[in-house]
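Pasted below: final06.pdb, PDB, C-alpha atoms.
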ATOM      1  CA  MET A   1      38.486 121.269 146.564
ATOM      2  CA  LYS A   2      41.462 123.624 146.727
ATOM      3  CA  GLU A   3      40.942 126.990 145.061
ATOM      4  CA  ALA A   4      43.848 127.962 142.844
ATOM      5  CA  LEU A   5      45.879 131.108 143.267
ATOM      6  CA  PHE A   6      46.638 133.634 140.522
ATOM      7  CA  TYR A   7      43.542 133.784 138.364
ATOM      8  CA  GLU A   8      40.843 136.269 137.474
ATOM      9  CA  ARG A   9      37.140 135.846 136.965
ATOM     10  CA  LEU A  10      35.630 136.987 133.679
ATOM     11  CA  LYS A  11      32.065 137.096 132.397
ATOM     12  CA  ASP A  12      29.735 134.092 132.231
ATOM     13  CA  ASN A  13      31.623 131.959 134.753
ATOM     14  CA  THR A  14      34.771 132.139 132.630
ATOM     15  CA  VAL A  15      38.178 132.436 134.313
ATOM     16  CA  LYS A  16      41.686 133.346 133.172
ATOM     17  CA  CYS A  17      44.632 131.539 134.745
ATOM     18  CA  ASN A  18      47.669 133.758 135.392
ATOM     19  CA  LEU A  19      50.114 131.128 136.618
ATOM     20  CA  CYS A  20      52.162 131.025 133.406
ATOM     21  CA  PHE A  21      52.495 132.772 130.046
ATOM     22  CA  HIS A  22      49.785 130.618 128.422
ATOM     23  CA  GLY A  23      47.095 132.548 130.287
ATOM     24  CA  CYS A  24      44.462 129.889 129.647
ATOM     25  CA  VAL A  25      40.927 131.288 129.413
ATOM     26  CA  LEU A  26      38.587 128.545 130.615
ATOM     27  CA  LYS A  27      34.846 128.220 130.403
ATOM     28  CA  ASP A  28      32.980 126.414 133.167
ATOM     29  CA  GLY A  29      34.044 122.748 133.288
ATOM     30  CA  LYS A  30      37.196 123.198 131.207
ATOM     31  CA  THR A  31      40.744 122.315 132.265
ATOM     32  CA  GLY A  32      43.917 124.197 131.378
ATOM     33  CA  LEU A  33      46.460 122.677 129.029
ATOM     34  CA  CYS A  34      48.585 121.834 132.089
ATOM     35  CA  LEU A  35      45.888 119.382 133.327
ATOM     36  CA  ALA A  36      46.261 120.810 136.834
ATOM     37  CA  ARG A  37      43.758 123.680 136.960
ATOM     38  CA  ARG A  38      40.030 123.442 136.204
ATOM     39  CA  ASN A  39      37.142 125.901 136.104
ATOM     40  CA  VAL A  40      34.378 124.712 138.419
ATOM     41  CA  GLU A  41      31.358 127.027 138.343
ATOM     42  CA  GLY A  42      33.482 130.134 137.835
ATOM     43  CA  LYS A  43      36.159 129.208 140.354
ATOM     44  CA  LEU A  44      39.614 127.954 139.330
ATOM     45  CA  ILE A  45      40.385 124.741 141.199
ATOM     46  CA  ALA A  46      43.834 123.185 141.721
ATOM     47  CA  GLN A  47      42.512 119.748 140.832
ATOM     48  CA  THR A  48      45.794 117.879 141.392
ATOM     49  CA  TYR A  49      46.281 119.268 144.902
ATOM     50  CA  GLY A  50      47.549 116.473 147.133
ATOM     51  CA  LYS A  51      47.192 113.820 144.419
ATOM     52  CA  LEU A  52      50.512 112.021 144.091
ATOM     53  CA  VAL A  53      51.151 109.809 141.078
ATOM     54  CA  ALA A  54      54.797 109.101 141.922
ATOM     55  CA  ALA A  55      56.814 108.907 145.136
ATOM     56  CA  HIS A  56      60.347 107.498 145.324
ATOM     57  CA  LEU A  57      63.536 107.835 147.333
ATOM     58  CA  ASP A  58      66.166 108.855 144.767
ATOM     59  CA  PRO A  59      69.824 109.827 144.732
ATOM     60  CA  ILE A  60      69.896 113.595 144.482
ATOM     61  CA  GLU A  61      72.261 113.177 141.521
ATOM     62  CA  LYS A  62      69.303 111.738 139.582
ATOM     63  CA  LYS A  63      67.529 115.118 139.536
ATOM     64  CA  PRO A  64      70.273 115.931 138.342
ATOM     65  CA  LEU A  65      71.846 118.021 141.092
ATOM     66  CA  TYR A  66      75.591 117.488 141.386
ATOM     67  CA  HIS A  67      76.519 120.428 143.617
ATOM     68  CA  PHE A  68      73.768 120.205 146.239
ATOM     69  CA  HIS A  69      74.290 117.715 149.076
ATOM     70  CA  PRO A  70      76.123 115.188 146.867
ATOM     71  CA  GLY A  71      75.569 111.563 147.775
ATOM     72  CA  GLU A  72      72.314 112.133 149.669
ATOM     73  CA  MET A  73      68.972 110.484 148.956
ATOM     74  CA  ILE A  74      65.895 112.668 148.550
ATOM     75  CA  PHE A  75      62.175 111.897 148.730
ATOM     76  CA  SER A  76      60.818 112.693 145.263
ATOM     77  CA  VAL A  77      57.176 113.224 144.335
ATOM     78  CA  ALA A  78      54.964 114.241 141.411
ATOM     79  CA  ALA A  79      51.412 114.936 140.339
ATOM     80  CA  ASN A  80      49.905 114.828 136.853
ATOM     81  CA  GLY A  81      50.490 117.839 134.668
ATOM     82  CA  CYS A  82      52.838 119.983 132.601
ATOM     83  CA  ASN A  83      52.495 123.304 130.790
ATOM     84  CA  LEU A  84      54.736 122.387 127.847
ATOM     85  CA  ALA A  85      54.162 119.858 125.085
ATOM     86  CA  CYS A  86      57.553 118.219 124.538
ATOM     87  CA  PRO A  87      56.939 115.420 121.997
ATOM     88  CA  PHE A  88      59.946 113.484 123.373
ATOM     89  CA  CYS A  89      58.921 113.603 127.060
ATOM     90  CA  GLN A  90      60.116 110.504 128.938
ATOM     91  CA  ASN A  91      57.374 110.934 131.554
ATOM     92  CA  ALA A  92      54.485 111.696 129.206
ATOM     93  CA  GLU A  93      52.330 108.964 130.771
ATOM     94  CA  ILE A  94      52.002 111.054 133.920
ATOM     95  CA  SER A  95      52.786 114.577 132.673
ATOM     96  CA  ARG A  96      50.296 114.665 129.784
ATOM     97  CA  HIS A  97      47.614 112.258 131.039
ATOM     98  CA  ARG A  98      45.447 111.853 134.119
ATOM     99  CA  THR A  99      46.407 108.730 136.052
ATOM    100  CA  ARG A 100      45.464 107.185 139.348
ATOM    101  CA  GLY A 101      47.448 108.065 142.404
ATOM    102  CA  ARG A 102      47.029 108.484 146.124
ATOM    103  CA  ASP A 103      45.931 111.417 148.242
ATOM    104  CA  LEU A 104      48.497 112.862 150.616
ATOM    105  CA  THR A 105      48.215 116.110 152.544
ATOM    106  CA  PRO A 106      51.297 118.316 152.901
ATOM    107  CA  ALA A 107      51.677 117.165 156.497
ATOM    108  CA  GLU A 108      51.443 113.515 155.459
ATOM    109  CA  LEU A 109      54.061 114.059 152.765
ATOM    110  CA  ILE A 110      56.417 115.627 155.302
ATOM    111  CA  ASP A 111      55.886 112.631 157.595
ATOM    112  CA  ALA A 112      56.622 110.248 154.714
ATOM    113  CA  ALA A 113      59.832 112.069 153.807
ATOM    114  CA  MET A 114      61.031 112.070 157.406
ATOM    115  CA  ALA A 115      60.138 108.407 157.836
ATOM    116  CA  ALA A 116      62.351 107.680 154.810
ATOM    117  CA  ALA A 117      65.203 109.568 156.532
ATOM    118  CA  SER A 118      65.267 112.115 153.713
ATOM    119  CA  LYS A 119      66.610 115.579 154.488
ATOM    120  CA  GLY A 120      64.460 117.155 151.825
ATOM    121  CA  ILE A 121      61.718 116.841 149.240
ATOM    122  CA  ALA A 122      62.088 117.018 145.455
ATOM    123  CA  TYR A 123      59.087 118.035 143.372
ATOM    124  CA  THR A 124      59.975 116.397 140.088
ATOM    125  CA  TYR A 125      59.179 113.884 137.288
ATOM    126  CA  THR A 126      56.364 116.062 135.831
ATOM    127  CA  GLU A 127      56.125 119.872 136.110
ATOM    128  CA  PRO A 128      55.973 120.933 139.765
ATOM    129  CA  LEU A 129      55.194 124.581 139.061
ATOM    130  CA  VAL A 130      51.694 123.722 137.784
ATOM    131  CA  TRP A 131      51.215 121.920 141.131
ATOM    132  CA  TYR A 132      51.803 125.335 142.613
ATOM    133  CA  GLU A 133      49.452 125.446 145.597
ATOM    134  CA  TYR A 134      50.479 122.038 146.904
ATOM    135  CA  VAL A 135      54.190 122.702 146.409
ATOM    136  CA  LEU A 136      53.853 126.043 148.192
ATOM    137  CA  ASP A 137      51.971 124.617 151.177
ATOM    138  CA  THR A 138      54.297 121.636 151.484
ATOM    139  CA  ALA A 139      57.480 123.668 151.019
ATOM    140  CA  LYS A 140      56.472 126.030 153.834
ATOM    141  CA  LEU A 141      55.860 123.107 156.161
ATOM    142  CA  ALA A 142      59.080 121.406 155.068
ATOM    143  CA  HIS A 143      61.120 124.427 156.137
ATOM    144  CA  GLU A 144      59.352 124.473 159.481
ATOM    145  CA  LYS A 145      60.436 120.851 159.944
ATOM    146  CA  GLY A 146      64.026 121.526 158.857
ATOM    147  CA  LEU A 147      63.767 119.899 155.418
ATOM    148  CA  TYR A 148      65.006 121.479 152.192
ATOM    149  CA  ASN A 149      62.968 121.849 148.998
ATOM    150  CA  VAL A 150      64.086 121.054 145.458
ATOM    151  CA  ILE A 151      62.238 121.602 142.181
ATOM    152  CA  VAL A 152      63.094 119.985 138.854
ATOM    153  CA  SER A 153      61.273 122.187 136.406
ATOM    154  CA  ASN A 154      60.937 123.661 132.923
ATOM    155  CA  GLY A 155      60.847 127.089 134.588
ATOM    156  CA  THR A 156      57.609 128.184 132.920
ATOM    157  CA  ILE A 157      55.894 130.441 135.444
ATOM    158  CA  ASN A 158      54.985 134.109 135.726
ATOM    159  CA  PRO A 159      57.023 136.381 138.044
ATOM    160  CA  GLU A 160      54.427 136.994 140.764
ATOM    161  CA  PRO A 161      53.707 133.326 141.515
ATOM    162  CA  LEU A 162      57.423 132.571 141.503
ATOM    163  CA  LYS A 163      58.076 135.363 144.003
ATOM    164  CA  GLY A 164      55.686 133.676 146.411
ATOM    165  CA  LEU A 165      57.569 130.390 146.159
ATOM    166  CA  LEU A 166      61.162 131.649 146.218
ATOM    167  CA  PRO A 167      61.564 131.944 150.028
ATOM    168  CA  TYR A 168      60.847 128.225 150.404
ATOM    169  CA  LEU A 169      63.092 126.843 147.648
ATOM    170  CA  ASP A 170      66.625 125.678 148.331
ATOM    171  CA  ALA A 171      67.694 124.200 145.001
ATOM    172  CA  ALA A 172      66.426 123.871 141.439
ATOM    173  CA  ASN A 173      67.407 122.126 138.263
ATOM    174  CA  ILE A 174      65.883 124.015 135.346
ATOM    175  CA  ASP A 175      65.597 122.517 131.878
ATOM    176  CA  LEU A 176      66.745 125.170 129.411
ATOM    177  CA  LYS A 177      65.679 123.403 126.258
ATOM    178  CA  GLY A 178      67.076 125.422 123.369
ATOM    179  CA  ASP A 179      66.757 128.663 121.454
ATOM    180  CA  THR A 180      63.591 130.691 120.881
ATOM    181  CA  GLU A 181      62.741 128.840 117.686
ATOM    182  CA  PHE A 182      62.958 125.511 119.506
ATOM    183  CA  TYR A 183      60.614 126.739 122.242
ATOM    184  CA  ASN A 184      58.103 128.127 119.761
ATOM    185  CA  ASN A 185      58.070 125.286 117.246
ATOM    186  CA  VAL A 186      58.870 122.125 119.204
ATOM    187  CA  VAL A 187      57.674 122.411 122.817
ATOM    188  CA  GLN A 188      55.050 125.195 122.659
ATOM    189  CA  GLY A 189      56.895 127.148 125.297
ATOM    190  CA  ASP A 190      58.311 130.572 126.052
ATOM    191  CA  ARG A 191      62.075 130.770 126.405
ATOM    192  CA  GLU A 192      61.962 134.156 128.076
ATOM    193  CA  SER A 193      59.874 132.715 130.914
ATOM    194  CA  THR A 194      62.516 130.076 131.560
ATOM    195  CA  LEU A 195      65.409 132.545 131.396
ATOM    196  CA  ARG A 196      63.621 134.886 133.784
ATOM    197  CA  THR A 197      62.926 132.040 136.215
ATOM    198  CA  ILE A 198      66.579 130.988 136.268
ATOM    199  CA  ARG A 199      67.666 134.542 136.963
ATOM    200  CA  MET A 200      65.072 135.055 139.709
ATOM    201  CA  LEU A 201      66.072 131.803 141.399
ATOM    202  CA  HIS A 202      69.754 132.697 141.237
ATOM    203  CA  ASP A 203      69.235 136.253 142.471
ATOM    204  CA  ALA A 204      67.166 134.950 145.412
ATOM    205  CA  GLY A 205      70.042 132.723 146.536
ATOM    206  CA  VAL A 206      68.491 129.436 145.417
ATOM    207  CA  HIS A 207      71.083 126.894 144.281
ATOM    208  CA  VAL A 208      70.597 126.497 140.515
ATOM    209  CA  GLU A 209      71.767 123.917 138.011
ATOM    210  CA  ILE A 210      70.775 123.806 134.338
ATOM    211  CA  THR A 211      70.029 120.839 132.087
ATOM    212  CA  ASN A 212      70.070 120.924 128.286
ATOM    213  CA  LEU A 213      68.805 117.861 126.391
ATOM    214  CA  LEU A 214      70.733 117.712 123.126
ATOM    215  CA  ILE A 215      68.657 116.513 120.152
ATOM    216  CA  PRO A 216      70.367 115.874 116.783
ATOM    217  CA  GLU A 217      69.865 118.609 114.177
ATOM    218  CA  THR A 218      67.341 120.321 116.452
ATOM    219  CA  ASN A 219      69.127 122.149 119.276
ATOM    220  CA  ASP A 220      72.682 120.754 119.135
ATOM    221  CA  SER A 221      74.492 123.110 116.752
ATOM    222  CA  PRO A 222      77.642 124.873 118.001
ATOM    223  CA  GLU A 223      75.846 128.187 117.534
ATOM    224  CA  GLN A 224      72.920 127.137 119.720
ATOM    225  CA  ILE A 225      75.262 125.819 122.391
ATOM    226  CA  ASP A 226      77.244 129.081 122.267
ATOM    227  CA  GLU A 227      74.031 131.003 122.938
ATOM    228  CA  LEU A 228      73.333 128.793 125.957
ATOM    229  CA  LEU A 229      76.874 129.202 127.273
ATOM    230  CA  SER A 230      76.775 132.980 126.857
ATOM    231  CA  TYR A 231      73.618 133.164 128.948
ATOM    232  CA  ILE A 232      75.200 131.148 131.766
ATOM    233  CA  GLU A 233      78.441 133.128 131.611
ATOM    234  CA  ASP A 234      76.563 136.422 131.852
ATOM    235  CA  LEU A 235      74.584 135.200 134.881
ATOM    236  CA  ASP A 236      77.108 133.094 136.819
ATOM    237  CA  ARG A 237      79.700 130.865 135.189
ATOM    238  CA  THR A 238      79.834 128.601 138.268
ATOM    239  CA  ILE A 239      76.279 127.361 137.592
ATOM    240  CA  PRO A 240      76.620 123.627 136.776
ATOM    241  CA  LEU A 241      75.492 122.658 133.269
ATOM    242  CA  HIS A 242      74.216 119.145 132.526
ATOM    243  CA  LEU A 243      74.305 118.148 128.858
ATOM    244  CA  SER A 244      71.911 115.245 128.529
ATOM    245  CA  ARG A 245      71.800 112.701 125.708
ATOM    246  CA  TYR A 246      68.486 112.355 123.864
ATOM    247  CA  PHE A 247      66.860 109.012 123.045
ATOM    248  CA  PRO A 248      63.724 108.608 120.876
ATOM    249  CA  TYR A 249      60.446 108.526 122.739
ATOM    250  CA  GLY A 250      56.804 109.185 122.041
ATOM    251  CA  SER A 251      56.082 110.863 118.722
ATOM    252  CA  TYR A 252      59.595 112.224 118.286
ATOM    253  CA  THR A 253      61.613 109.966 116.014
ATOM    254  CA  ALA A 254      65.014 111.625 115.711
ATOM    255  CA  GLN A 255      67.879 109.210 116.187
ATOM    256  CA  PRO A 256      69.695 109.103 119.526
ATOM    257  CA  THR A 257      72.300 111.804 119.988
ATOM    258  CA  SER A 258      75.670 110.401 119.004
ATOM    259  CA  VAL A 259      78.505 110.125 121.481
ATOM    260  CA  LYS A 260      80.558 112.260 119.076
ATOM    261  CA  ILE A 261      78.065 115.128 119.332
ATOM    262  CA  MET A 262      77.905 114.822 123.117
ATOM    263  CA  LEU A 263      81.680 114.968 123.436
ATOM    264  CA  ARG A 264      81.918 117.900 121.024
ATOM    265  CA  ALA A 265      79.319 119.810 123.044
ATOM    266  CA  TYR A 266      81.047 118.896 126.305
ATOM    267  CA  GLN A 267      84.404 120.153 125.084
ATOM    268  CA  GLN A 268      82.828 123.336 123.739
ATOM    269  CA  ALA A 269      81.103 124.002 127.060
ATOM    270  CA  HIS A 270      84.015 122.987 129.272
ATOM    271  CA  ALA A 271      86.253 125.485 127.490
ATOM    272  CA  ARG A 272      84.060 128.257 128.900
ATOM    273  CA  LEU A 273      82.495 126.873 132.098
ATOM    274  CA  PRO A 274      84.170 125.060 135.019
ATOM    275  CA  TYR A 275      81.310 122.680 135.797
ATOM    276  CA  VAL A 276      79.946 120.729 132.833
ATOM    277  CA  TYR A 277      78.495 117.225 133.120
ATOM    278  CA  LEU A 278      77.247 114.569 130.715
ATOM    279  CA  GLY A 279      73.958 112.775 131.354
ATOM    280  CA  ASN A 280      72.319 109.647 129.891
ATOM    281  CA  LEU A 281      75.802 108.585 128.879
ATOM    282  CA  VAL A 282      78.369 106.329 130.539
ATOM    283  CA  LEU A 283      81.780 107.905 130.001
ATOM    284  CA  LEU A 284      84.679 108.830 132.233
ATOM    285  CA  GLU A 285      84.447 112.411 131.024
ATOM    286  CA  GLY A 286      81.827 114.754 132.388
ATOM    287  CA  GLN A 287      81.175 112.989 135.694
ATOM    288  CA  ASN A 288      83.508 114.344 138.379
ATOM    289  CA  THR A 289      83.812 117.737 140.050
ATOM    290  CA  LEU A 290      87.282 119.289 140.026
ATOM    291  CA  CYS A 291      88.530 122.470 141.622
ATOM    292  CA  PRO A 292      88.544 125.083 138.817
ATOM    293  CA  ASP A 293      91.759 126.651 140.110
ATOM    294  CA  CYS A 294      94.031 123.665 140.758
ATOM    295  CA  GLY A 295      92.213 120.657 139.273
ATOM    296  CA  THR A 296      91.988 118.725 142.546
ATOM    297  CA  LEU A 297      89.282 116.055 142.533
ATOM    298  CA  GLN A 298      86.511 117.085 144.925
ATOM    299  CA  VAL A 299      83.548 114.873 144.034
ATOM    300  CA  LYS A 300      84.071 111.511 142.336
ATOM    301  CA  ARG A 301      81.012 109.889 140.748
ATOM    302  CA  THR A 302      80.610 106.313 139.555
ATOM    303  CA  GLY A 303      77.017 105.961 138.453
ATOM    304  CA  TYR A 304      75.115 107.182 141.512
ATOM    305  CA  GLY A 305      77.998 106.302 143.785
ATOM    306  CA  VAL A 306      79.576 109.474 145.199
ATOM    307  CA  GLU A 307      82.796 110.179 147.089
ATOM    308  CA  VAL A 308      83.513 113.679 148.439
ATOM    309  CA  ASP A 309      87.175 114.418 149.193
ATOM    310  CA  ASN A 310      89.717 117.227 149.432
ATOM    311  CA  ILE A 311      87.204 119.678 150.890
ATOM    312  CA  LYS A 312      87.561 121.132 154.375
ATOM    313  CA  ASN A 313      85.493 123.958 155.852
ATOM    314  CA  ASN A 314      84.022 124.536 152.370
ATOM    315  CA  HIS A 315      87.433 125.132 150.807
ATOM    316  CA  CYS A 316      89.740 123.130 148.560
ATOM    317  CA  THR A 317      92.371 121.475 150.726
ATOM    318  CA  ASN A 318      95.004 121.946 147.981
ATOM    319  CA  CYS A 319      94.665 125.593 146.933
ATOM    320  CA  GLY A 320      92.194 127.069 149.434
ATOM    321  CA  ARG A 321      89.572 128.111 146.884
ATOM    322  CA  GLN A 322      86.010 128.215 148.273
ATOM    323  CA  VAL A 323      84.095 125.311 146.773
ATOM    324  CA  ASP A 324      80.935 125.716 144.687
ATOM    325  CA  VAL A 325      79.252 122.702 146.274
ATOM    326  CA  VAL A 326      76.587 122.757 149.000
ATOM    327  CA  LEU A 327      77.519 120.040 151.496
TER     328      LEU A 327
END
Take the structure in the file and write it out as structure tokens.
Amino acid sequence: MKEALFYERLKDNTVKCNLCFHGCVLKDGKTGLCLARRNVEGKLIAQTYGKLVAAHLDPIEKKPLYHFHPGEMIFSVAANGCNLACPFCQNAEISRHRTRGRDLTPAELIDAAMAAASKGIAYTYTEPLVWYEYVLDTAKLAHEKGLYNVIVSNGTINPEPLKGLLPYLDAANIDLKGDTEFYNNVVQGDRESTLRTIRMLHDAGVHVEITNLLIPETNDSPEQIDELLSYIEDLDRTIPLHLSRYFPYGSYTAQPTSVKIMLRAYQQAHARLPYVYLGNLVLLEGQNTLCPDCGTLQVKRTGYGVEVDNIKNNHCTNCGRQVDVVL
């Protein structure tokens, strides 16, 4: 059994987990709400360590990451667990339930990724930050082997654990779900944790992209989108923003987000940010990457098909502007 990091022992074999803002206080035998950390006789155990429930070779655009090694495939893995309670989660079967998987050590995962000819590993599908110890151990080894590390995350983690992981992360897509009311009332989260994580990643030089799932009459108002855009502008307006279309799932019964709303949000965002993309939606708009200065097409996307052009030595071949894409 792998002992977890970032916890404190209390009286009577009780422990307090300090990985995220929830601060779960667990009596002996109890598991945290994330499903990943369990009190065993007064010791907090990372019970999902090395237990994979998903492993696939995916286009990196599926994460979605549009400005990080476009067109490459990446070995993508997950364990059970998540520290939010999104009622519309598309992966609830593995994020909110214990399922069977297979055991794989960090070294074995590295071997599997390299055998698949992947240049990196994505920790994704569920919430990788509650799989902290395994992600940390694997990410360290991945860097030693020349592989890059990607997380696709809700960003819910305390500062000290995140600091320990930052040196080994190369890219992240963070789901910034909505305003404070949405976090409190819909997903049982903490918006400030997510905002802080995005800033810490960015300040550490990790490539960051942001996803916002638009849900009708929940987090899709122009005012809510303006708040999101202002945050990105204040941090770095070249951060790519992915506006993703919602479809009903699980216990959440709102109707699918209309194409009209998606286009309105896209136009609102694109008026303020150079890199805005539409997800879960097949349209010509919101797919390609253009040079913000001269409009030259730099990355053309058709589904998961990708063509990179008009870039030389990391600069636009038309106007000379340095590109905001990691190649």
Counting all atoms listed in the file, the residue of A:Glu72, A:Glu181, A:Asp220, A:Glu3 that sits nearest A:Lys43
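Looking at the shortest contact to A:Lys43, the residue is A:Glu3.
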To verify the selection step, state as a ChimeraX atom specification which residues the PyMOL selection byres ((chain A and resi 247) around 9) yields on this input.
/A:88,215,245-246,248-249,253-257,280
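The result of the PyMOL selection byres ((chain A and resi 19-21) around 8) on the shown file is Leu5, Phe6, Tyr7, Cys17, Asn18, His22, Gly23, Val130, Thr156, Ile157, Asn158, Pro161, Asp190 and Ser193 of chain A.
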Atom CA of A:Leu327 and atom CA of A:Leu195, how far apart in Å?
26.6 Å
Of A:Val276, A:Ala79, A:Val206, A:Ile174, the one nearest to A:Arg191 when counting only C-alpha atoms is A:Ile174
Edge lengths and centre in Å to one decimal, as JSON, is what I'm after for the box along x, y and z that holds all listed atoms of stretch 170-186 of chain A once 6 Å is added on each side.
{"center_x": 62.9, "center_y": 126.4, "center_z": 132.8, "size_x": 21.6, "size_y": 20.6, "size_z": 43.1}
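Residue nearest A:Pro106, chosen from A:Ala46, A:Leu201, A:Ala139, A:Cys319 and counting only C-alpha atoms: A:Ala139.
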Best match for closeness to A:Lys62 among A:Ala122, A:Leu44, A:Cys86, A:Val186, counting all atoms listed in the file
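Selected residue with least distance to A:Lys62: A:Ala122.
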Target residues per the PyMOL selection byres ((chain A and resi 64) around 9), formatted as a VMD selection string:
chain A and resid 59 to 63 65 to 66 152 173 209 to 211 242 279
Emit the selected residues as an mmCIF file, in the frame of the given file, including C-alpha atoms.
data_model
loop_
_atom_site.group_PDB
_atom_site.id
_atom_site.type_symbol
_atom_site.label_atom_id
_atom_site.label_comp_id
_atom_site.auth_asym_id
_atom_site.auth_seq_id
_atom_site.Cartn_x
_atom_site.Cartn_y
_atom_site.Cartn_z
ATOM 1 C CA PRO A 59 69.824 109.827 144.732
ATOM 2 C CA ILE A 60 69.896 113.595 144.482
ATOM 3 C CA GLU A 61 72.261 113.177 141.521
ATOM 4 C CA LYS A 62 69.303 111.738 139.582
ATOM 5 C CA LYS A 63 67.529 115.118 139.536
ATOM 6 C CA LEU A 65 71.846 118.021 141.092
ATOM 7 C CA TYR A 66 75.591 117.488 141.386
ATOM 8 C CA VAL A 152 63.094 119.985 138.854
ATOM 9 C CA ASN A 173 67.407 122.126 138.263
ATOM 10 C CA GLU A 209 71.767 123.917 138.011
ATOM 11 C CA ILE A 210 70.775 123.806 134.338
ATOM 12 C CA THR A 211 70.029 120.839 132.087
ATOM 13 C CA HIS A 242 74.216 119.145 132.526
ATOM 14 C CA GLY A 279 73.958 112.775 131.354
#
Residue nearest A:Ile261 among A:Glu227, A:Glu217, A:Asp236, A:Asp203 (counting only C-alpha atoms)
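Using only C-alpha atoms, the shortest distance to A:Ile261 belongs to A:Glu217.
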Residue neighbourhood A:Phe182, 9 Å, all atoms listed in the file, exclusion window fewer than 5 positions, as a list in words
Lys177, Val187, Gln188, Gly189, Arg191, Thr218 and Asn219 of chain A
Polymer residues at most 10 Å from A:Leu297, all atoms listed in the file, same-chain spacing of 5 or more positions, as a list in words
Asn288, Thr289, Leu290, Cys291, Pro292, Glu307, Val308, Asp309, Asn310, Ile311, Cys316 and Asn318 of chain A
Separating atom CA of A:Val208 from atom CA of A:Leu147, to the nearest tenth of an Å, is a gap of 17.7 Å
Within-9 Å shell of (58.2, 106.3, 153.2) in input frame, all atoms listed in the file, as a list of chain:residue names:
A:Ala55, A:His56, A:Leu57, A:Phe75, A:Leu109, A:Asp111, A:Ala112, A:Ala113, A:Met114, A:Ala115, A:Ala116, A:Ala117
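Interatomic distance, atom CA of A:Leu263 to atom CA of A:Leu228: 16.3 Å.
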Could you check the closest approach to A:Val135 for each of A:Gly305, A:Pro70, A:Gly164, A:Gly178 and tell me which residue wins, using only C-alpha atoms?
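Closest residue, counting only C-alpha atoms: A:Gly164.
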Please return, as a VMD selection string, all polymer residues that have at least one atom within 12 Å of the point (57.3, 119.3, 153.4); use only C-alpha atoms and the file's own coordinate frame.
chain A and resid 50 74 to 77 104 to 114 118 to 123 134 to 150 168 to 169
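Near stretch 283-287 of chain A, within a cut-off of 9 Å and counting all atoms listed in the file, sit the residues His242, Leu243, Leu263, Tyr266, Tyr275, Val276, Tyr277, Leu278, Gly279, Val299, Lys300, Arg301, Thr302 and Gly303 of chain A, with same-chain residues fewer than 3 positions away left out.
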Contacts of A:Asp28 at 7 Å (only C-alpha atoms; same-chain gap of 3+ positions) as a list of chain:residue names:
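The residues that qualify are A:Asn13, A:Thr14, A:Asn39, A:Val40, A:Glu41, A:Gly42.
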Can I get the selected residues back with C-alpha atoms, as a PDB file, in the coordinates of the input?
ATOM      1  CA  ASN A  13      31.623 131.959 134.753  1.00  0.00           C
ATOM      2  CA  THR A  14      34.771 132.139 132.630  1.00  0.00           C
ATOM      3  CA  ASN A  39      37.142 125.901 136.104  1.00  0.00           C
ATOM      4  CA  VAL A  40      34.378 124.712 138.419  1.00  0.00           C
ATOM      5  CA  GLU A  41      31.358 127.027 138.343  1.00  0.00           C
ATOM      6  CA  GLY A  42      33.482 130.134 137.835  1.00  0.00           C
TER       7      GLY A  42
END
